[in-house]
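Here the structure is laid out as structure tokens; the discussion comes afterwards.
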Amino acid sequence: MSTVLLVDDEPGVLFTLTEVLTEKGHRVVTARSGVEALGKLEEADAVVTDLAMPGMDGITLMGQIGSRDPSLPVILLTAHGSERVAVAAMKQGAYDYLSKPFDIDEVAVVIARAIETRRLRIDNQRLAAEQTLGRRIVGASRPMRRLLEATSRIASRDVTVLVRGETGTGKEFVAELLHAQSTRADKPLVRFNCAALPAELADAELFGHVRGAFTGANATRAGFFAQADGGTLILDEVGELPLAIQAKLLRALQEGEIQPIGSGRIEKVNVRVVAATNRDLAAEVKAGTFREDLYYRLAVVELVVPPLRDRKDDIPALAIEFARRYGEKFGLGPTSLEPALIDTLGTLEWPGNVRQLENTIARLTALSTGGVITLADLQAADQTTSSAVAETSDDPPPDARNGPSLKEQVEAFERGLVGRALDATGGNQSEAARRLGVSRVTLIDKMKKYGLSSKTSR
């Protein structure tokens with residue numbers, strides 16, 4: 001469902017357009033002024049605004065929207081006699097204009113065309129990025145669409161970007177996407193994990209060293225900055241970078257200069273830095289563990305990757321894509337997921353985010369023989385994993401950890417399915433079994449397992 005932002009200071013116009021667009025299947029958000037509208041842009045797929053409004057008029061609002069999201073189409077509503085102004089506005093970037101009193105059907109057609117034009121533009125950008133990356137980009141949920149649109153917009157602007165998000169959300173993928181859609185796409189892409197090495201080795205890895213600079217430096221080596229010259233350097237877990245190295249990183253960002261260890265020579269480099277972190281660097285600055293000047297230099301633009309719990313609509317597509325990818329990787333041929341399994345995956349909690357979902361599908365695919373992976377395969381794999389953990393790990397069992405285990409969540413979902421089927425059929429076991437796609441014997445086993453009766457699911 002597409003969302004249309006209506007901006008007009010006349011309540012009657014807002015009411016009429018809201019009724020019409022709602023009937024056409026759109027979600028409608030309204031604003032009585034340009035200032036109010038600017039606070040609601042994140043929700044919109046298209047904007048319809050009056051041209052003449054007190055305070056910020058439609059032309060000024062259009063300019064503000066263009067600077068924030070150039071792909072968001074703006075349609076102007078004009079009074080009779082203002083057509084010349086509207087035509088001039090189209091030359092400045094307005095998608096179209098409609099004269100008052102407007103024709104209802106024409107309004108609906110213009111808005112639908114604007115939304116479709118934007119969708120096609122975004123799809124083309126995504127296809128180009130997929131060709132560069134060599135893999136599909138999955139993200140149809142609103143939070144991911146907003147992130148992908150922002151990434152596409154920022155990619156061409158040669159600024160330093162800070163990518164924030166929880167562990168496993170896909171921060172490195174966003175960083176790669178920034179490179180793939182930038183003017184540096186044909187230049188090197190280099191990655192460095194800031195938490196992987198102590199300060200001395202991190203210094204040498206980032207900025208390089210000359211032969212004999214320290215014990216074991218048997219040859220001169222170019223650092224990651226030099227290797228990424230002309231391209232992009234991804235600094236993963238940048239919040240882990242020691243304070244001693246932060247000062248050198250700041251100089252590299254400010255001056256475009258590095259000095260390899262043991263060298264008296266300054267080298268010029270042209271590198272775009274994309275930093276990623278799961279930490280709150282603003283809080284780290286207040287705590288004195290991260291340099292304030294470096295933080296502001298890294299966060300010229302900041303992108304936040306949403307956790308999987310905020311983009312659950314993407315779980316089915318992600319799971320299907322991972323099954324396809326790992327089916328090919330493991331030589332199993334076409335591999336798909338049973339609908340019941342897909343539904344179950346969408347109800348589960350994923351504290352490890354996309355990485356946890358990917359690992360789960362990879363494990364299921366590795367344990368399968370190809371073809372269709374079922375809900376029963378998920379339950380069997382979870383039981384196998386739980387037994388192995390109990391036998392080989394000193395960690396507490398799943399039921400002693402924070403939150404329910406995967407097995408518990410699957411069982412809770414299954415219990416709900418059986419209970420609702422019994423309720424819907426008035427306790428008729430044969431009909432409930434038919435609706436669930438199982439035998440009556442299997443249904444009775446499930447009822448015993450979960451303590452359910454034919455009279456009630458409670």
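Following the order of the structure tokens, chains are lettered A, B, ..., residues in each are numbered from 1, and ligands are numbered from 1.
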
Lys24 (chain A) surroundings by only C-alpha atoms, 12 Å radius, close-in-sequence under 2 positions cut, as a PDB file with N, CA and C atoms, in the first residue's frame:
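What ended up in out-v9.pdb:
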ATOM      1  N   MET A   1       0.837  -1.192   0.000  1.00  0.00           N
ATOM      2  CA  MET A   1       0.000   0.000   0.000  1.00  0.00           C
ATOM      3  C   MET A   1       0.874   1.245   0.000  1.00  0.00           C
ATOM      4  N   SER A   2       0.597   2.149  -0.928  1.00  0.00           N
ATOM      5  CA  SER A   2       1.366   3.381  -1.018  1.00  0.00           C
ATOM      6  C   SER A   2       0.764   4.445  -0.105  1.00  0.00           C
ATOM      7  N   THR A   3       1.628   5.350   0.366  1.00  0.00           N
ATOM      8  CA  THR A   3       1.190   6.418   1.261  1.00  0.00           C
ATOM      9  C   THR A   3       1.307   7.763   0.556  1.00  0.00           C
ATOM     10  N   VAL A   4       0.227   8.537   0.600  1.00  0.00           N
ATOM     11  CA  VAL A   4       0.198   9.864  -0.015  1.00  0.00           C
ATOM     12  C   VAL A   4       0.115  10.901   1.090  1.00  0.00           C
ATOM     13  N   LEU A  17     -10.020  14.804  -0.604  1.00  0.00           N
ATOM     14  CA  LEU A  17      -8.942  14.005  -1.195  1.00  0.00           C
ATOM     15  C   LEU A  17      -8.663  12.748  -0.386  1.00  0.00           C
ATOM     16  N   THR A  18      -8.763  12.852   0.925  1.00  0.00           N
ATOM     17  CA  THR A  18      -8.544  11.675   1.769  1.00  0.00           C
ATOM     18  C   THR A  18      -9.563  10.592   1.451  1.00  0.00           C
ATOM     19  N   GLU A  19     -10.829  10.984   1.318  1.00  0.00           N
ATOM     20  CA  GLU A  19     -11.883  10.017   0.997  1.00  0.00           C
ATOM     21  C   GLU A  19     -11.616   9.350  -0.350  1.00  0.00           C
ATOM     22  N   VAL A  20     -11.276  10.145  -1.341  1.00  0.00           N
ATOM     23  CA  VAL A  20     -11.055   9.617  -2.690  1.00  0.00           C
ATOM     24  C   VAL A  20      -9.863   8.660  -2.723  1.00  0.00           C
ATOM     25  N   LEU A  21      -8.747   9.087  -2.147  1.00  0.00           N
ATOM     26  CA  LEU A  21      -7.525   8.280  -2.219  1.00  0.00           C
ATOM     27  C   LEU A  21      -7.619   7.025  -1.369  1.00  0.00           C
ATOM     28  N   THR A  22      -8.341   7.104  -0.259  1.00  0.00           N
ATOM     29  CA  THR A  22      -8.544   5.913   0.565  1.00  0.00           C
ATOM     30  C   THR A  22      -9.344   4.868  -0.208  1.00  0.00           C
ATOM     31  N   HIS A  26      -5.058   3.799  -1.240  1.00  0.00           N
ATOM     32  CA  HIS A  26      -3.876   4.456  -0.692  1.00  0.00           C
ATOM     33  C   HIS A  26      -4.043   4.690   0.807  1.00  0.00           C
ATOM     34  N   ARG A  27      -2.930   4.745   1.496  1.00  0.00           N
ATOM     35  CA  ARG A  27      -2.912   5.236   2.876  1.00  0.00           C
ATOM     36  C   ARG A  27      -2.646   6.735   2.796  1.00  0.00           C
ATOM     37  N   VAL A  28      -3.402   7.518   3.549  1.00  0.00           N
ATOM     38  CA  VAL A  28      -3.295   8.971   3.447  1.00  0.00           C
ATOM     39  C   VAL A  28      -2.815   9.573   4.762  1.00  0.00           C
ATOM     40  N   ILE A 104     -11.753  14.523  -9.708  1.00  0.00           N
ATOM     41  CA  ILE A 104     -11.359  13.467  -8.769  1.00  0.00           C
ATOM     42  C   ILE A 104     -10.604  12.335  -9.466  1.00  0.00           C
ATOM     43  N   ASP A 105     -11.131  11.898 -10.590  1.00  0.00           N
ATOM     44  CA  ASP A 105     -10.484  10.783 -11.307  1.00  0.00           C
ATOM     45  C   ASP A 105      -9.102  11.185 -11.804  1.00  0.00           C
ATOM     46  N   VAL A 107      -7.092  13.339 -10.408  1.00  0.00           N
ATOM     47  CA  VAL A 107      -6.191  13.341  -9.251  1.00  0.00           C
ATOM     48  C   VAL A 107      -5.670  11.935  -8.990  1.00  0.00           C
ATOM     49  N   ALA A 108      -6.569  10.966  -8.976  1.00  0.00           N
ATOM     50  CA  ALA A 108      -6.181   9.578  -8.694  1.00  0.00           C
ATOM     51  C   ALA A 108      -5.207   9.048  -9.738  1.00  0.00           C
ATOM     52  N   VAL A 109      -5.467   9.369 -11.011  1.00  0.00           N
ATOM     53  CA  VAL A 109      -4.597   8.891 -12.085  1.00  0.00           C
ATOM     54  C   VAL A 109      -3.203   9.503 -11.981  1.00  0.00           C
ATOM     55  N   ILE A 111      -1.659  10.732  -9.339  1.00  0.00           N
ATOM     56  CA  ILE A 111      -0.946  10.213  -8.161  1.00  0.00           C
ATOM     57  C   ILE A 111      -0.452   8.792  -8.420  1.00  0.00           C
ATOM     58  N   ALA A 112      -1.299   7.963  -8.998  1.00  0.00           N
ATOM     59  CA  ALA A 112      -0.887   6.576  -9.286  1.00  0.00           C
ATOM     60  C   ALA A 112       0.295   6.562 -10.247  1.00  0.00           C
TER      61      ALA A 112
END

* How far is it from CA of Thr167 (chain A) to CA of Asn359 (chain A), in Å with one decimal? ->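 So the two atoms, CA of Thr167 (chain A) and CA of Asn359 (chain A), lie 13.7 Å apart.
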
* Two-atom distance - CA of Gln254 (chain A), CA of Leu233 (chain A) (Å) ->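 Pair CA of Gln254 (chain A) / CA of Leu233 (chain A) returns 14.9 Å.
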
* Surrounding residues of Thr78 (chain A) excluding itself and chain neighbours under 4 positions, 9 Å, only C-alpha atoms, as a list of chain:residue names ->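 Near neighbours after the sequence-gap exclusion: A:Thr49, A:Asp50, A:Leu51, A:Ala52, A:Ser82, A:Glu83, A:Val85, A:Ala86, A:Tyr97, A:Leu98, A:Ser99, A:Lys100, A:Pro101.
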
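The smallest atom-to-atom distance between Val273 (chain A) and any of A:Gln379, A:Thr160, A:Ser182, A:Thr30, using only C-alpha atoms, is found for A:Thr160.
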
* CA of Met53 (chain A) to CA of Lys91 (chain A), distance in Å rounded to a single decimal ->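 Computed distance, CA of Met53 (chain A) to CA of Lys91 (chain A), equals 20.5 Å.
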
* A:Asp343, A:Glu284, A:Glu176, A:Asp158 ranked by distance to Thr132 (chain A), top pick (using only C-alpha atoms) ->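 Under the stated criterion, the closest residue is A:Glu176.
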
* Mind checking which residues fall within 12 Å of region 265-268 of chain A, counting only C-alpha atoms, ignoring those fewer than 5 positions away in the same chain, and posting them as a list in words? => Phe207, Gly208, His209, Val210, Ala222, Gly223, Phe225, Ala226, Ala228, Asp229, Gly230, Arg251, Ala252, Leu253, Gln254, Glu255, Gly256, Glu257, Ile258, Gln259 and Pro260 of chain A

* To do: Enumerate, as a ChimeraX atom specification, the complete set of residues in region 88-264 of chain A that a backbone-based DSSP assignment places in strand (DSSP E).
  => /A:96-99,161-164,189-193,232-236,257-258

Using only C-alpha atoms, determine which residues lie at most 7 Å from region 143-157 of chain A, disregarding the query and same-chain residues fewer than 5 positions distant; provide the list as a CSV table (one decimal) with N, CA and C atoms, in the first residue's frame.
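Listed below is the output, out21.csv:
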chain,number,residue,atom,x,y,z
A,178,LEU,N,26.8,1.3,-0.8
A,178,LEU,CA,27.3,2.7,-1.0
A,178,LEU,C,28.4,2.8,-2.0
A,179,HIS,N,29.3,1.8,-1.9
A,179,HIS,CA,30.4,1.8,-2.9
A,179,HIS,C,29.9,1.4,-4.3
A,181,GLN,N,27.2,1.9,-5.7
A,181,GLN,CA,26.4,2.9,-6.4
A,181,GLN,C,27.1,4.3,-6.5
A,182,SER,N,28.3,4.3,-6.1
A,182,SER,CA,29.1,5.5,-6.1
A,182,SER,C,29.9,5.7,-7.4
A,183,THR,N,30.5,6.8,-7.6
A,183,THR,CA,31.4,7.0,-8.7
A,183,THR,C,32.7,6.3,-8.6
A,306,PRO,N,17.8,-0.8,10.2
A,306,PRO,CA,16.7,-1.3,11.1
A,306,PRO,C,17.0,-2.7,11.5
A,311,ARG,N,11.4,-4.9,10.6
A,311,ARG,CA,11.1,-5.1,9.1
A,311,ARG,C,10.7,-6.6,8.9

* To do: Within 12 Å of Ala299 (chain A), counting only C-alpha atoms, which residues show up once you throw out same-chain ones fewer than 6 positions away? Write them as a VMD selection string, please.
  => chain A and resid 159 to 164 238 253 273 to 277 280 to 282 292 to 293

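If only C-alpha atoms are the atoms counted, then among A:Lys171, A:Arg355, A:Arg121, A:Arg363 the closest residue to Tyr326 (chain A) is A:Arg363.
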
Which residues in region 198-338 of chain A does DSSP call helix (DSSP H, G or I)? List them as a PDB file with N, CA and C atoms, in the first residue's frame.
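Done, and the output landed in selection.pdb:
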ATOM      1  N   ALA A 199      46.414  -2.138  19.025  1.00  0.00           N
ATOM      2  CA  ALA A 199      46.706  -0.811  18.477  1.00  0.00           C
ATOM      3  C   ALA A 199      47.906  -0.807  17.531  1.00  0.00           C
ATOM      4  N   GLU A 200      49.003  -1.473  17.934  1.00  0.00           N
ATOM      5  CA  GLU A 200      50.230  -1.425  17.134  1.00  0.00           C
ATOM      6  C   GLU A 200      50.020  -2.058  15.762  1.00  0.00           C
ATOM      7  N   LEU A 201      49.358  -3.217  15.748  1.00  0.00           N
ATOM      8  CA  LEU A 201      49.133  -3.903  14.480  1.00  0.00           C
ATOM      9  C   LEU A 201      48.075  -3.184  13.645  1.00  0.00           C
ATOM     10  N   ALA A 202      47.061  -2.611  14.319  1.00  0.00           N
ATOM     11  CA  ALA A 202      46.039  -1.855  13.593  1.00  0.00           C
ATOM     12  C   ALA A 202      46.665  -0.661  12.885  1.00  0.00           C
ATOM     13  N   ASP A 203      47.619  -0.006  13.522  1.00  0.00           N
ATOM     14  CA  ASP A 203      48.342   1.120  12.937  1.00  0.00           C
ATOM     15  C   ASP A 203      49.036   0.683  11.653  1.00  0.00           C
ATOM     16  N   ALA A 204      49.748  -0.446  11.737  1.00  0.00           N
ATOM     17  CA  ALA A 204      50.488  -0.942  10.578  1.00  0.00           C
ATOM     18  C   ALA A 204      49.547  -1.372   9.450  1.00  0.00           C
ATOM     19  N   GLU A 205      48.430  -1.999   9.821  1.00  0.00           N
ATOM     20  CA  GLU A 205      47.497  -2.471   8.808  1.00  0.00           C
ATOM     21  C   GLU A 205      46.821  -1.303   8.087  1.00  0.00           C
ATOM     22  N   LEU A 206      46.441  -0.275   8.836  1.00  0.00           N
ATOM     23  CA  LEU A 206      45.736   0.853   8.241  1.00  0.00           C
ATOM     24  C   LEU A 206      46.650   1.748   7.408  1.00  0.00           C
ATOM     25  N   PHE A 207      47.813   2.062   7.969  1.00  0.00           N
ATOM     26  CA  PHE A 207      48.655   3.092   7.346  1.00  0.00           C
ATOM     27  C   PHE A 207      49.937   2.548   6.714  1.00  0.00           C
ATOM     28  N   PHE A 224      45.955  -0.352   4.394  1.00  0.00           N
ATOM     29  CA  PHE A 224      44.644  -0.393   3.749  1.00  0.00           C
ATOM     30  C   PHE A 224      44.261   0.945   3.130  1.00  0.00           C
ATOM     31  N   PHE A 225      44.689   2.055   3.709  1.00  0.00           N
ATOM     32  CA  PHE A 225      44.393   3.348   3.105  1.00  0.00           C
ATOM     33  C   PHE A 225      45.029   3.450   1.716  1.00  0.00           C
ATOM     34  N   ALA A 226      46.292   3.045   1.624  1.00  0.00           N
ATOM     35  CA  ALA A 226      46.978   3.100   0.326  1.00  0.00           C
ATOM     36  C   ALA A 226      46.352   2.120  -0.657  1.00  0.00           C
ATOM     37  N   GLN A 227      45.958   0.937  -0.165  1.00  0.00           N
ATOM     38  CA  GLN A 227      45.342  -0.056  -1.037  1.00  0.00           C
ATOM     39  C   GLN A 227      43.993   0.421  -1.578  1.00  0.00           C
ATOM     40  N   VAL A 238      34.084   0.441  14.029  1.00  0.00           N
ATOM     41  CA  VAL A 238      34.977   1.587  14.221  1.00  0.00           C
ATOM     42  C   VAL A 238      35.001   2.048  15.673  1.00  0.00           C
ATOM     43  N   GLY A 239      33.938   1.733  16.430  1.00  0.00           N
ATOM     44  CA  GLY A 239      33.908   2.109  17.837  1.00  0.00           C
ATOM     45  C   GLY A 239      34.947   1.400  18.674  1.00  0.00           C
ATOM     46  N   GLU A 240      35.523   0.332  18.137  1.00  0.00           N
ATOM     47  CA  GLU A 240      36.553  -0.432  18.862  1.00  0.00           C
ATOM     48  C   GLU A 240      37.956   0.115  18.617  1.00  0.00           C
ATOM     49  N   LEU A 243      42.175   4.741  20.997  1.00  0.00           N
ATOM     50  CA  LEU A 243      42.301   6.195  20.953  1.00  0.00           C
ATOM     51  C   LEU A 243      43.572   6.633  20.237  1.00  0.00           C
ATOM     52  N   ALA A 244      44.649   5.871  20.419  1.00  0.00           N
ATOM     53  CA  ALA A 244      45.920   6.248  19.799  1.00  0.00           C
ATOM     54  C   ALA A 244      45.830   6.253  18.278  1.00  0.00           C
ATOM     55  N   ILE A 245      45.017   5.386  17.715  1.00  0.00           N
ATOM     56  CA  ILE A 245      44.866   5.304  16.256  1.00  0.00           C
ATOM     57  C   ILE A 245      43.834   6.312  15.757  1.00  0.00           C
ATOM     58  N   GLN A 246      42.910   6.683  16.628  1.00  0.00           N
ATOM     59  CA  GLN A 246      41.857   7.621  16.215  1.00  0.00           C
ATOM     60  C   GLN A 246      42.434   8.948  15.722  1.00  0.00           C
ATOM     61  N   ALA A 247      43.518   9.408  16.358  1.00  0.00           N
ATOM     62  CA  ALA A 247      44.131  10.677  15.946  1.00  0.00           C
ATOM     63  C   ALA A 247      44.701  10.571  14.532  1.00  0.00           C
ATOM     64  N   LYS A 248      45.324   9.443  14.205  1.00  0.00           N
ATOM     65  CA  LYS A 248      45.880   9.257  12.867  1.00  0.00           C
ATOM     66  C   LYS A 248      44.776   9.120  11.832  1.00  0.00           C
ATOM     67  N   LEU A 249      43.677   8.473  12.224  1.00  0.00           N
ATOM     68  CA  LEU A 249      42.547   8.336  11.318  1.00  0.00           C
ATOM     69  C   LEU A 249      41.940   9.710  11.023  1.00  0.00           C
ATOM     70  N   LEU A 250      41.850  10.549  12.058  1.00  0.00           N
ATOM     71  CA  LEU A 250      41.305  11.892  11.871  1.00  0.00           C
ATOM     72  C   LEU A 250      42.135  12.676  10.861  1.00  0.00           C
ATOM     73  N   ARG A 251      43.450  12.566  10.961  1.00  0.00           N
ATOM     74  CA  ARG A 251      44.323  13.277  10.023  1.00  0.00           C
ATOM     75  C   ARG A 251      44.124  12.769   8.601  1.00  0.00           C
ATOM     76  N   ALA A 252      43.979  11.458   8.474  1.00  0.00           N
ATOM     77  CA  ALA A 252      43.772  10.886   7.143  1.00  0.00           C
ATOM     78  C   ALA A 252      42.474  11.400   6.524  1.00  0.00           C
ATOM     79  N   LEU A 253      41.440  11.558   7.363  1.00  0.00           N
ATOM     80  CA  LEU A 253      40.160  12.039   6.861  1.00  0.00           C
ATOM     81  C   LEU A 253      40.196  13.528   6.548  1.00  0.00           C
ATOM     82  N   GLN A 254      40.835  14.300   7.415  1.00  0.00           N
ATOM     83  CA  GLN A 254      40.861  15.750   7.239  1.00  0.00           C
ATOM     84  C   GLN A 254      41.788  16.193   6.114  1.00  0.00           C
ATOM     85  N   GLU A 255      42.978  15.622   6.098  1.00  0.00           N
ATOM     86  CA  GLU A 255      44.018  16.098   5.178  1.00  0.00           C
ATOM     87  C   GLU A 255      44.232  15.190   3.974  1.00  0.00           C
ATOM     88  N   LEU A 281      28.072   5.992  19.324  1.00  0.00           N
ATOM     89  CA  LEU A 281      29.314   6.757  19.388  1.00  0.00           C
ATOM     90  C   LEU A 281      29.138   8.108  20.078  1.00  0.00           C
ATOM     91  N   ALA A 282      27.935   8.679  20.013  1.00  0.00           N
ATOM     92  CA  ALA A 282      27.693   9.934  20.723  1.00  0.00           C
ATOM     93  C   ALA A 282      27.865   9.717  22.229  1.00  0.00           C
ATOM     94  N   ALA A 283      27.391   8.586  22.727  1.00  0.00           N
ATOM     95  CA  ALA A 283      27.568   8.264  24.145  1.00  0.00           C
ATOM     96  C   ALA A 283      29.037   7.974  24.455  1.00  0.00           C
ATOM     97  N   GLU A 284      29.730   7.335  23.497  1.00  0.00           N
ATOM     98  CA  GLU A 284      31.152   7.049  23.679  1.00  0.00           C
ATOM     99  C   GLU A 284      31.947   8.356  23.766  1.00  0.00           C
ATOM    100  N   VAL A 285      31.529   9.352  22.993  1.00  0.00           N
ATOM    101  CA  VAL A 285      32.193  10.659  23.053  1.00  0.00           C
ATOM    102  C   VAL A 285      32.039  11.261  24.442  1.00  0.00           C
ATOM    103  N   LYS A 286      30.830  11.206  24.992  1.00  0.00           N
ATOM    104  CA  LYS A 286      30.589  11.755  26.331  1.00  0.00           C
ATOM    105  C   LYS A 286      31.385  11.003  27.389  1.00  0.00           C
ATOM    106  N   ALA A 287      31.570   9.699  27.159  1.00  0.00           N
ATOM    107  CA  ALA A 287      32.325   8.878  28.121  1.00  0.00           C
ATOM    108  C   ALA A 287      33.828   9.043  27.967  1.00  0.00           C
ATOM    109  N   GLU A 292      35.636  13.247  19.924  1.00  0.00           N
ATOM    110  CA  GLU A 292      34.498  14.002  19.426  1.00  0.00           C
ATOM    111  C   GLU A 292      34.735  14.498  18.001  1.00  0.00           C
ATOM    112  N   ASP A 293      35.958  15.006  17.736  1.00  0.00           N
ATOM    113  CA  ASP A 293      36.236  15.521  16.396  1.00  0.00           C
ATOM    114  C   ASP A 293      36.191  14.411  15.356  1.00  0.00           C
ATOM    115  N   LEU A 294      36.634  13.215  15.726  1.00  0.00           N
ATOM    116  CA  LEU A 294      36.577  12.099  14.790  1.00  0.00           C
ATOM    117  C   LEU A 294      35.130  11.664  14.556  1.00  0.00           C
ATOM    118  N   TYR A 295      34.341  11.671  15.598  1.00  0.00           N
ATOM    119  CA  TYR A 295      32.925  11.293  15.458  1.00  0.00           C
ATOM    120  C   TYR A 295      32.220  12.182  14.437  1.00  0.00           C
ATOM    121  N   TYR A 296      32.400  13.493  14.559  1.00  0.00           N
ATOM    122  CA  TYR A 296      31.734  14.395  13.634  1.00  0.00           C
ATOM    123  C   TYR A 296      32.299  14.278  12.216  1.00  0.00           C
ATOM    124  N   ARG A 297      33.577  13.907  12.119  1.00  0.00           N
ATOM    125  CA  ARG A 297      34.171  13.723  10.800  1.00  0.00           C
ATOM    126  C   ARG A 297      33.631  12.456  10.140  1.00  0.00           C
ATOM    127  N   LEU A 298      33.396  11.405  10.936  1.00  0.00           N
ATOM    128  CA  LEU A 298      32.857  10.152  10.394  1.00  0.00           C
ATOM    129  C   LEU A 298      31.370  10.270  10.058  1.00  0.00           C
ATOM    130  N   LEU A 308      15.749  -6.568  12.488  1.00  0.00           N
ATOM    131  CA  LEU A 308      14.801  -7.420  11.773  1.00  0.00           C
ATOM    132  C   LEU A 308      13.404  -7.336  12.395  1.00  0.00           C
ATOM    133  N   ARG A 309      13.316  -7.078  13.704  1.00  0.00           N
ATOM    134  CA  ARG A 309      12.001  -6.970  14.346  1.00  0.00           C
ATOM    135  C   ARG A 309      11.199  -5.784  13.807  1.00  0.00           C
ATOM    136  N   ASP A 310      11.881  -4.799  13.217  1.00  0.00           N
ATOM    137  CA  ASP A 310      11.203  -3.635  12.642  1.00  0.00           C
ATOM    138  C   ASP A 310      10.959  -3.778  11.152  1.00  0.00           C
ATOM    139  N   LYS A 312       9.778  -7.047   9.725  1.00  0.00           N
ATOM    140  CA  LYS A 312       9.362  -8.451   9.642  1.00  0.00           C
ATOM    141  C   LYS A 312       8.744  -8.805   8.297  1.00  0.00           C
ATOM    142  N   ASP A 313       8.235  -7.783   7.596  1.00  0.00           N
ATOM    143  CA  ASP A 313       7.681  -8.054   6.265  1.00  0.00           C
ATOM    144  C   ASP A 313       8.731  -8.597   5.304  1.00  0.00           C
ATOM    145  N   ASP A 314      10.003  -8.369   5.613  1.00  0.00           N
ATOM    146  CA  ASP A 314      11.082  -8.829   4.734  1.00  0.00           C
ATOM    147  C   ASP A 314      11.513 -10.268   5.021  1.00  0.00           C
ATOM    148  N   ILE A 315      11.055 -10.841   6.137  1.00  0.00           N
ATOM    149  CA  ILE A 315      11.531 -12.175   6.522  1.00  0.00           C
ATOM    150  C   ILE A 315      11.238 -13.236   5.462  1.00  0.00           C
ATOM    151  N   PRO A 316      10.015 -13.339   4.918  1.00  0.00           N
ATOM    152  CA  PRO A 316       9.775 -14.368   3.889  1.00  0.00           C
ATOM    153  C   PRO A 316      10.709 -14.249   2.693  1.00  0.00           C
ATOM    154  N   ALA A 317      10.864 -13.034   2.161  1.00  0.00           N
ATOM    155  CA  ALA A 317      11.732 -12.857   0.984  1.00  0.00           C
ATOM    156  C   ALA A 317      13.189 -13.159   1.323  1.00  0.00           C
ATOM    157  N   LEU A 318      13.637 -12.750   2.504  1.00  0.00           N
ATOM    158  CA  LEU A 318      15.012 -13.042   2.921  1.00  0.00           C
ATOM    159  C   LEU A 318      15.231 -14.540   3.044  1.00  0.00           C
ATOM    160  N   ALA A 319      14.295 -15.228   3.689  1.00  0.00           N
ATOM    161  CA  ALA A 319      14.436 -16.675   3.884  1.00  0.00           C
ATOM    162  C   ALA A 319      14.468 -17.410   2.547  1.00  0.00           C
ATOM    163  N   ILE A 320      13.586 -17.019   1.628  1.00  0.00           N
ATOM    164  CA  ILE A 320      13.542 -17.655   0.303  1.00  0.00           C
ATOM    165  C   ILE A 320      14.850 -17.411  -0.446  1.00  0.00           C
ATOM    166  N   GLU A 321      15.374 -16.184  -0.365  1.00  0.00           N
ATOM    167  CA  GLU A 321      16.624 -15.861  -1.048  1.00  0.00           C
ATOM    168  C   GLU A 321      17.791 -16.645  -0.451  1.00  0.00           C
ATOM    169  N   PHE A 322      17.840 -16.765   0.879  1.00  0.00           N
ATOM    170  CA  PHE A 322      18.923 -17.529   1.512  1.00  0.00           C
ATOM    171  C   PHE A 322      18.848 -19.002   1.128  1.00  0.00           C
ATOM    172  N   ALA A 323      17.629 -19.556   1.050  1.00  0.00           N
ATOM    173  CA  ALA A 323      17.485 -20.960   0.649  1.00  0.00           C
ATOM    174  C   ALA A 323      17.977 -21.166  -0.786  1.00  0.00           C
ATOM    175  N   ARG A 324      17.623 -20.238  -1.664  1.00  0.00           N
ATOM    176  CA  ARG A 324      18.092 -20.335  -3.055  1.00  0.00           C
ATOM    177  C   ARG A 324      19.608 -20.252  -3.116  1.00  0.00           C
ATOM    178  N   ARG A 325      20.173 -19.281  -2.374  1.00  0.00           N
ATOM    179  CA  ARG A 325      21.615 -19.045  -2.414  1.00  0.00           C
ATOM    180  C   ARG A 325      22.396 -20.243  -1.879  1.00  0.00           C
ATOM    181  N   TYR A 326      21.957 -20.781  -0.733  1.00  0.00           N
ATOM    182  CA  TYR A 326      22.699 -21.898  -0.137  1.00  0.00           C
ATOM    183  C   TYR A 326      22.418 -23.213  -0.856  1.00  0.00           C
ATOM    184  N   GLY A 327      21.248 -23.322  -1.479  1.00  0.00           N
ATOM    185  CA  GLY A 327      21.000 -24.503  -2.303  1.00  0.00           C
ATOM    186  C   GLY A 327      21.999 -24.578  -3.442  1.00  0.00           C
ATOM    187  N   GLU A 328      22.267 -23.430  -4.074  1.00  0.00           N
ATOM    188  CA  GLU A 328      23.268 -23.378  -5.141  1.00  0.00           C
ATOM    189  C   GLU A 328      24.672 -23.616  -4.578  1.00  0.00           C
ATOM    190  N   LYS A 329      24.971 -22.981  -3.449  1.00  0.00           N
ATOM    191  CA  LYS A 329      26.320 -23.091  -2.873  1.00  0.00           C
ATOM    192  C   LYS A 329      26.655 -24.531  -2.499  1.00  0.00           C
TER     193      LYS A 329
END

* To do: Determine the nearest neighbour of Lys449 (chain A) from the options A:Glu130, A:Asp186, A:Glu358, A:Glu411, counting only C-alpha atoms.
  =>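 So, comparing all the options, the nearest one is A:Glu411.
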
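Using only C-alpha atoms, the contacts of region 428-444 of chain A at a cut-off of 12 Å, with sequence neighbours closer than 2 positions omitted, comprise Pro339, Ala340, Glu414, Arg415, Gly416, Leu417, Val418, Gly419, Arg420, Ala421, Leu422, Asp423, Ala424, Thr425, Gly426, Lys446, Met447, Lys448, Lys449, Tyr450, Gly451, Leu452, Ser453, Ser454, Lys455, Thr456 and Ser457 of chain A.
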
* Which of these residues is nearest to Pro242 (chain A), using only C-alpha atoms: A:Val87, A:Leu197, A:Ala37, A:Ala217? ->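 Checking each of A:Val87, A:Leu197, A:Ala37, A:Ala217 against Pro242 (chain A), counting only C-alpha atoms, the winner is A:Leu197.
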